[in-house]
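**Q** The structure that follows is given in the form of structure tokens.
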Amino acid sequence: MQVDVLLGLQWGDEGKGKIVDVLTPNYDIIARFQGGPNAGHTLEFDGKKHVLHTIPSGIFHEKTMNIIGNGVVIDPIVLRKEILGLVGNDVPVSDRLKVSRKAHLIMPTHCLLDRASETAKGKDKIGSTLKGIGPTYMDKTGRNGLRIGDLERADFTKRYDALRDKHVQMLERLDFDIEGLEAMENDWMEAMEYIRQLNFINSEYYINEKLKNEKRVLAEGAQGSLLDIDFGSYPYVTSSNTVCAGACTGLGIAPSSIGEVYGIFKAYCTRVGSGPFPTELLDETGQKLRDEGNEYGSTTGRPRRCGWLDVVALNYATMLNGVTQLIMTKADVLNSFDTIEVCKQYKVDGKRSEELPFYYESSEVEPKMESLKGWKKELDHTQELPAELEDYIDYIETETGCPISIVSLGPDRTQTLVRDLHTV
């Protein structure tokens, strides 16, 4: 049996949570493979809205196990709050969730270091969510980090104190105020006692054993491909590998284990924080997209930058991930537009190009747009799609060479049109 992978193809916020929830009945295991509480996966059903930050989006399904993989970084305060919210909605989290021992822990001082770093950058800040993600991954690669499995070691407190003291020295050199750290630590330690009750596993063995026993696994990504630490719009990126290859290192599975790769994209583009955005709209149309799509961060609440679909970037992400099926979300946001624009090429330093330039910022990137007719109609998943939307779908499939198997027509799990889905 192989692992299917679901990930975002833009700058995040593509609607991964909803689609994972829709696909979960086809799988025995949903496994998050990277990122941390900077993720905000939104699900809506039965008149309720749920936002998950660390827990996989299959948690609401009775027969599915959910795994927080080794590639994820965990803030115990955020995770405890998330679990308590789910338990309050009668979700038996302890029966449906397992956590990799190799997942790294976000400490209070990681969050302070994140703030200090952004403050020091001034106008060149990258737009961090200030959740401590970057500093935690830095400690991971620097071989200093604390992991979930360290909780089971007798010297956990000693290990924590040593890393905390190192961080404090760094903050002092940055002349950053650490007042309030003691209170943050007390909350953190209290949350850690709660986290101790969870089911810790050696997730790489667990998943591979399940695959041998013909269990179906879906790997759930966070953020988006254009935020990948290696292939995104560097340095305005996240701190982990958001592309398909990250599922291998973030779960401990071989590349040969990868099956279907579902690439999710919005029918337009959004971005949070700083960084290049060739099709961004800074006019009334951009604001209309923001309002129609309720484009405000589920984690941060920040307004998202909005623009038209960028096929150059979409092809790039499809190539990197080996996408086998595309999933388009938020098609309903475009219901009231007379004309829909699509970027098919860039003009970079005076030359036409269908490649992302190495430096967005050092090149003059002008999007070359094409216009398509809007459908000017409310969408209903129980009825045939308007001809203009079918034309839009056909256009994207032709440009990418990849089929669109699902179209999301609204936030609720029922507002989903499955066209031609292939699963394991």
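In the structure tokens, chains take the letters A, B, ... in the order shown, each chain's residues start at 1, and ligands count up from 1 in the order shown.
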Residues near Val261 in chain A, anyone? I mean within 7 Å using only C-alpha atoms, not counting same-chain ones fewer than 5 positions away, as a ChimeraX atom specification.

**A** /A:4-6,322-325

**Q** Residues near range 148-157 of chain A, anyone? I mean within 10 Å using only C-alpha atoms, not counting same-chain ones fewer than 3 positions away, as a ChimeraX atom specification.

**A** /A:70,73-74,76,99-105,145,160-162,189,192-193,195-196,200-202

**Q** Can those selected residues be exported to a file as a PDB file, in the first residue's frame so that it contains C-alpha atoms?

**A**
ATOM      1  CA  ASN A  70       8.227  13.831  13.358  1.00  0.00           C
ATOM      2  CA  VAL A  73       6.975  21.280  15.667  1.00  0.00           C
ATOM      3  CA  ILE A  74       4.602  21.369  18.632  1.00  0.00           C
ATOM      4  CA  PRO A  76       2.160  22.270  24.007  1.00  0.00           C
ATOM      5  CA  VAL A  99       2.230  11.835  18.435  1.00  0.00           C
ATOM      6  CA  SER A 100       5.698  11.062  17.099  1.00  0.00           C
ATOM      7  CA  ARG A 101       8.398  10.973  19.743  1.00  0.00           C
ATOM      8  CA  LYS A 102      10.680  12.700  17.258  1.00  0.00           C
ATOM      9  CA  ALA A 103       8.472  15.797  16.865  1.00  0.00           C
ATOM     10  CA  HIS A 104      10.241  18.871  18.246  1.00  0.00           C
ATOM     11  CA  LEU A 105       8.901  21.124  20.989  1.00  0.00           C
ATOM     12  CA  GLY A 145      16.264  20.781  20.126  1.00  0.00           C
ATOM     13  CA  TYR A 160      15.003  22.187  29.073  1.00  0.00           C
ATOM     14  CA  ASP A 161      16.925  24.472  31.438  1.00  0.00           C
ATOM     15  CA  ALA A 162      20.122  24.210  29.396  1.00  0.00           C
ATOM     16  CA  MET A 189       5.134  23.387  31.992  1.00  0.00           C
ATOM     17  CA  MET A 192       3.467  19.737  29.184  1.00  0.00           C
ATOM     18  CA  GLU A 193       1.948  17.789  32.069  1.00  0.00           C
ATOM     19  CA  ILE A 195       0.646  16.507  26.896  1.00  0.00           C
ATOM     20  CA  ARG A 196       2.271  13.648  28.839  1.00  0.00           C
ATOM     21  CA  PHE A 200       3.594   8.800  21.971  1.00  0.00           C
ATOM     22  CA  ILE A 201       4.818   6.493  19.210  1.00  0.00           C
ATOM     23  CA  ASN A 202       7.804   5.785  16.998  1.00  0.00           C
TER      24      ASN A 202
END

**Q** Rank A:Asp349, A:Glu62, A:Glu284, A:Asp139 by their smallest atom-to-atom distance to Glu361 in chain A, using only C-alpha atoms, and report the top residue only.

**A**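 Going through A:Asp349, A:Glu62, A:Glu284, A:Asp139 one by one, the smallest distance to Glu361 in chain A is for A:Asp349.
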
**Q** Enter the distance from CA of Val365 in chain A to CA of Tyr346 in chain A, in Å, rounded to one decimal.

**A**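 Computing the Euclidean distance for CA of Val365 in chain A and CA of Tyr346 in chain A yields 6.2 Å.
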
**Q** Between CA of Ile253 in chain A and CA of Thr318 in chain A, measure the distance and give it in Å to one decimal.

**A**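 That distance, rounded to one decimal, is 21.0 Å.
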
**Q** Can you tell me, as a compact mmCIF listing (two decimals) with C-alpha atoms, in the first residue's frame, which residues in range 115-269 of chain A count as helix (DSSP H, G or I) by DSSP?

**A**
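Final output, saved to states.txt:
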# COMPACT_ATOMS: atom_id res chain seq x y z
CA ARG A 115 9.76 38.24 17.98
CA ALA A 116 13.29 39.51 18.55
CA SER A 117 14.36 38.41 15.07
CA GLU A 118 11.41 40.13 13.35
CA THR A 119 11.95 43.29 15.38
CA ALA A 120 15.62 43.39 14.40
CA LYS A 121 14.74 43.08 10.69
CA GLY A 122 12.62 46.23 10.78
CA LYS A 123 11.15 47.01 7.36
CA ASP A 124 12.79 43.85 5.97
CA ILE A 133 8.43 28.01 14.38
CA GLY A 134 11.67 29.28 12.80
CA PRO A 135 13.80 29.24 15.97
CA THR A 136 12.55 25.73 16.79
CA TYR A 137 13.57 24.39 13.38
CA MET A 138 16.91 26.21 13.80
CA ASP A 139 17.51 24.30 17.03
CA LYS A 140 16.46 21.11 15.28
CA THR A 141 19.02 21.51 12.50
CA ILE A 148 8.42 14.92 22.54
CA GLY A 149 10.26 11.72 23.41
CA ASP A 150 12.53 13.66 25.79
CA LEU A 151 9.54 13.92 28.12
CA GLU A 152 10.08 10.24 28.88
CA PHE A 156 14.04 16.37 30.77
CA THR A 157 14.06 19.38 33.08
CA LYS A 158 17.85 19.60 32.91
CA ARG A 159 17.71 19.52 29.11
CA TYR A 160 15.00 22.19 29.07
CA ASP A 161 16.92 24.47 31.44
CA ALA A 162 20.12 24.21 29.40
CA LEU A 163 18.40 25.19 26.15
CA ARG A 164 16.35 27.91 27.85
CA ASP A 165 19.51 29.45 29.32
CA LYS A 166 21.16 29.45 25.91
CA HIS A 167 18.15 31.26 24.45
CA VAL A 168 18.16 33.83 27.24
CA GLN A 169 21.79 34.66 26.49
CA MET A 170 20.89 35.16 22.83
CA LEU A 171 17.97 37.42 23.76
CA GLU A 172 20.19 39.47 26.03
CA ARG A 173 22.67 40.00 23.21
CA LEU A 181 9.18 34.74 30.62
CA GLU A 182 8.60 33.12 34.01
CA ALA A 183 4.81 33.28 33.56
CA MET A 184 5.15 31.89 30.05
CA GLU A 185 7.24 29.02 31.36
CA ASN A 186 4.71 28.20 34.09
CA ASP A 187 1.95 27.94 31.47
CA TRP A 188 4.22 25.85 29.25
CA MET A 189 5.13 23.39 31.99
CA GLU A 190 1.49 23.03 32.97
CA ALA A 191 0.62 22.25 29.36
CA MET A 192 3.47 19.74 29.18
CA GLU A 193 1.95 17.79 32.07
CA TYR A 194 -1.25 17.54 30.05
CA ILE A 195 0.65 16.51 26.90
CA SER A 203 5.78 7.03 14.06
CA GLU A 204 8.11 5.85 11.29
CA TYR A 205 7.70 2.23 12.45
CA TYR A 206 3.99 2.67 13.07
CA ILE A 207 3.21 4.04 9.60
CA ASN A 208 5.36 1.58 7.70
CA GLU A 209 3.85 -1.33 9.61
CA LYS A 210 0.36 -0.09 8.79
CA LEU A 211 1.30 0.15 5.11
CA LYS A 212 2.46 -3.47 5.19
CA SER A 225 4.65 24.91 -1.89
CA LEU A 226 5.62 28.51 -2.63
CA LEU A 227 6.62 28.83 1.04
CA ALA A 245 9.44 15.32 -0.54
CA GLY A 246 8.78 16.68 2.95
CA ALA A 247 6.28 13.87 3.52
CA CYS A 248 9.13 11.36 3.28
CA THR A 249 11.36 13.08 5.83
CA GLY A 250 8.44 14.27 7.95
CA LEU A 251 6.94 10.80 8.40
CA PRO A 255 9.93 7.93 -1.84
CA SER A 256 8.70 4.73 -3.46
CA SER A 257 5.83 4.72 -0.96

**Q** So, counting only C-alpha atoms, which residue among A:Gly180, A:Gly410, A:Pro235, A:Gly132 is closest to Asp114 in chain A?

**A**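 Once distances to Asp114 in chain A are computed over only C-alpha atoms, the minimum belongs to A:Gly132.
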
**Q** Please, what distance in Å, to one decimal, runs between CA of Arg32 in chain A and CA of Trp308 in chain A?

**A**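 Result for CA of Arg32 in chain A versus CA of Trp308 in chain A: 29.0 Å, one decimal.
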
**Q** Which residues, written as a list of chain:residue names, have at least one atom at most 9 Å from Gly275 in chain A, with only C-alpha atoms counted and residues fewer than 3 positions away on the same chain left out?

**A**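 Residues near the query, excluding close chain neighbours: A:Ile126, A:Gly127, A:Ser233, A:Tyr234, A:Pro235, A:Tyr236, A:Val237, A:Arg271, A:Val272, A:Tyr360, A:Glu361.
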
**Q** Just list as a list of chain:residue names whatever in range 44-179 of chain A DSSP marks as strand (DSSP E or B).

**A** A:Glu44, A:Phe45, A:Lys48, A:Lys49, A:His50, A:Val51, A:Leu52, A:Met65, A:Asn66, A:Ile67, A:Ile68, A:Val72, A:Val73, A:Ile74, A:Leu97, A:Lys98, A:Val99, A:Ser100, A:His104, A:Leu105, A:Arg147

**Q** Take the residues that were just selected and, keeping N, CA and C atoms, output them as a CSV table (one decimal), in the first residue's frame.

**A**
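This went into part_38.csv:
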chain,number,residue,atom,x,y,z
A,44,GLU,N,-15.8,23.2,8.2
A,44,GLU,CA,-17.1,23.5,8.6
A,44,GLU,C,-18.1,22.4,8.3
A,45,PHE,N,-18.9,22.1,9.2
A,45,PHE,CA,-20.0,21.1,9.0
A,45,PHE,C,-20.9,21.1,10.2
A,48,LYS,N,-21.1,24.3,12.3
A,48,LYS,CA,-20.1,24.7,13.2
A,48,LYS,C,-18.8,24.9,12.4
A,49,LYS,N,-17.9,25.8,12.8
A,49,LYS,CA,-16.6,26.1,12.2
A,49,LYS,C,-15.5,25.6,13.2
A,50,HIS,N,-14.6,24.8,12.7
A,50,HIS,CA,-13.5,24.3,13.5
A,50,HIS,C,-12.2,24.7,12.8
A,51,VAL,N,-11.2,25.2,13.7
A,51,VAL,CA,-9.9,25.6,13.1
A,51,VAL,C,-8.9,24.7,13.9
A,52,LEU,N,-8.1,23.9,13.1
A,52,LEU,CA,-7.1,23.1,13.7
A,52,LEU,C,-5.7,23.7,13.3
A,65,MET,N,-7.4,7.1,12.4
A,65,MET,CA,-6.3,7.5,13.4
A,65,MET,C,-5.6,8.7,12.8
A,66,ASN,N,-5.2,9.6,13.7
A,66,ASN,CA,-4.5,10.8,13.3
A,66,ASN,C,-3.1,10.8,13.9
A,67,ILE,N,-2.1,11.2,13.1
A,67,ILE,CA,-0.7,11.2,13.6
A,67,ILE,C,-0.1,12.5,13.4
A,68,ILE,N,0.5,13.1,14.5
A,68,ILE,CA,1.4,14.2,14.4
A,68,ILE,C,2.8,13.7,14.1
A,72,VAL,N,6.8,17.7,12.3
A,72,VAL,CA,6.0,18.8,12.9
A,72,VAL,C,6.7,19.4,14.2
A,73,VAL,N,6.5,20.7,14.4
A,73,VAL,CA,7.0,21.3,15.7
A,73,VAL,C,5.7,21.6,16.5
A,74,ILE,N,5.8,21.3,17.8
A,74,ILE,CA,4.6,21.4,18.6
A,74,ILE,C,4.7,22.4,19.7
A,97,LEU,N,-5.7,10.0,18.3
A,97,LEU,CA,-4.5,10.8,18.1
A,97,LEU,C,-3.3,10.2,18.6
A,98,LYS,N,-2.2,10.1,17.8
A,98,LYS,CA,-0.9,9.6,18.3
A,98,LYS,C,0.2,10.7,17.9
A,99,VAL,N,1.2,10.8,18.7
A,99,VAL,CA,2.2,11.8,18.4
A,99,VAL,C,3.6,11.2,18.3
A,100,SER,N,4.3,11.6,17.3
A,100,SER,CA,5.7,11.1,17.1
A,100,SER,C,6.6,11.5,18.2
A,104,HIS,N,9.6,17.9,17.4
A,104,HIS,CA,10.2,18.9,18.2
A,104,HIS,C,9.3,19.8,19.0
A,105,LEU,N,9.7,20.3,20.1
A,105,LEU,CA,8.9,21.1,21.0
A,105,LEU,C,9.3,22.6,20.8
A,147,ARG,N,12.7,17.2,22.0
A,147,ARG,CA,11.6,16.4,21.3
A,147,ARG,C,10.6,15.9,22.3

**Q** Please determine, counting only C-alpha atoms, which residue among A:Glu370, A:Phe277, A:Val311, A:Ala267 has the shortest atom-to-atom distance to Val333 in chain A.

**A**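 Going through A:Glu370, A:Phe277, A:Val311, A:Ala267 one by one, the smallest distance to Val333 in chain A is for A:Ala267.
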
**Q** For Gly293 in chain A, which of A:Pro25, A:Glu14, A:Trp375, A:Phe231 is the closest residue, counting only C-alpha atoms?

**A**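 Nearest to Gly293 in chain A: A:Glu14.
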
**Q** Closest to Ala313 in chain A among A:Asn89, A:Thr279, A:Thr285, A:Asn38, using only C-alpha atoms?

**A** A:Thr279

**Q** Neighbours of Gly40 in chain A within 10 Å (only C-alpha atoms; same-chain residues fewer than 5 positions away dropped), as a short mmCIF file (atom, residue, chain, number, x, y, z; two decimals) with N, CA and C atoms, in the first residue's frame?

**A**
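As a result, part_23.cif now contains:
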data_model
loop_
_atom_site.label_atom_id
_atom_site.label_comp_id
_atom_site.auth_asym_id
_atom_site.auth_seq_id
_atom_site.Cartn_x
_atom_site.Cartn_y
_atom_site.Cartn_z
N GLY A 12 -0.12 28.90 0.85
CA GLY A 12 -0.91 28.47 1.99
C GLY A 12 -2.34 28.96 1.90
N ASP A 13 -3.15 28.56 2.88
CA ASP A 13 -4.55 28.99 2.98
C ASP A 13 -5.39 28.51 1.80
N GLY A 15 -7.21 25.82 1.62
CA GLY A 15 -8.39 25.04 2.00
C GLY A 15 -8.10 23.57 2.23
N LYS A 16 -6.87 23.28 2.68
CA LYS A 16 -6.46 21.89 2.87
C LYS A 16 -7.29 21.17 3.92
N GLY A 17 -7.62 21.88 5.01
CA GLY A 17 -8.36 21.25 6.09
C GLY A 17 -9.68 20.68 5.64
N HIS A 50 -14.59 24.85 12.69
CA HIS A 50 -13.49 24.35 13.51
C HIS A 50 -12.17 24.74 12.85
N VAL A 51 -11.22 25.21 13.65
CA VAL A 51 -9.90 25.55 13.15
C VAL A 51 -8.86 24.70 13.87
N LEU A 52 -8.11 23.92 13.11
CA LEU A 52 -7.06 23.06 13.66
C LEU A 52 -5.70 23.66 13.34
N HIS A 53 -4.78 23.61 14.30
CA HIS A 53 -3.45 24.18 14.11
C HIS A 53 -2.36 23.09 14.07
N THR A 54 -2.51 22.06 14.85
CA THR A 54 -1.50 21.01 14.94
C THR A 54 -2.08 19.63 14.65
N ALA A 222 1.06 21.34 5.47
CA ALA A 222 0.65 22.65 5.97
C ALA A 222 1.35 23.72 5.14
N GLN A 223 0.89 24.97 5.27
CA GLN A 223 1.40 26.07 4.43
C GLN A 223 1.23 25.72 2.94
N GLY A 297 -6.60 35.66 8.01
CA GLY A 297 -5.94 34.46 8.51
C GLY A 297 -6.67 33.78 9.65
N SER A 298 -6.87 32.46 9.55
CA SER A 298 -7.53 31.70 10.60
C SER A 298 -6.66 31.57 11.84
N THR A 299 -5.34 31.72 11.67
CA THR A 299 -4.42 31.67 12.82
C THR A 299 -4.11 33.05 13.34
N THR A 300 -3.83 33.99 12.45
CA THR A 300 -3.37 35.32 12.85
C THR A 300 -4.45 36.39 12.77
#

**Q** Using only C-alpha atoms, which protein or nucleic acid residues come within 7 Å of range 18-24 of chain A? Drop anything in the same chain fewer than 4 positions from it, and give the result as a PyMOL selection string.

**A** chain A and resi 42-43+57-58+413
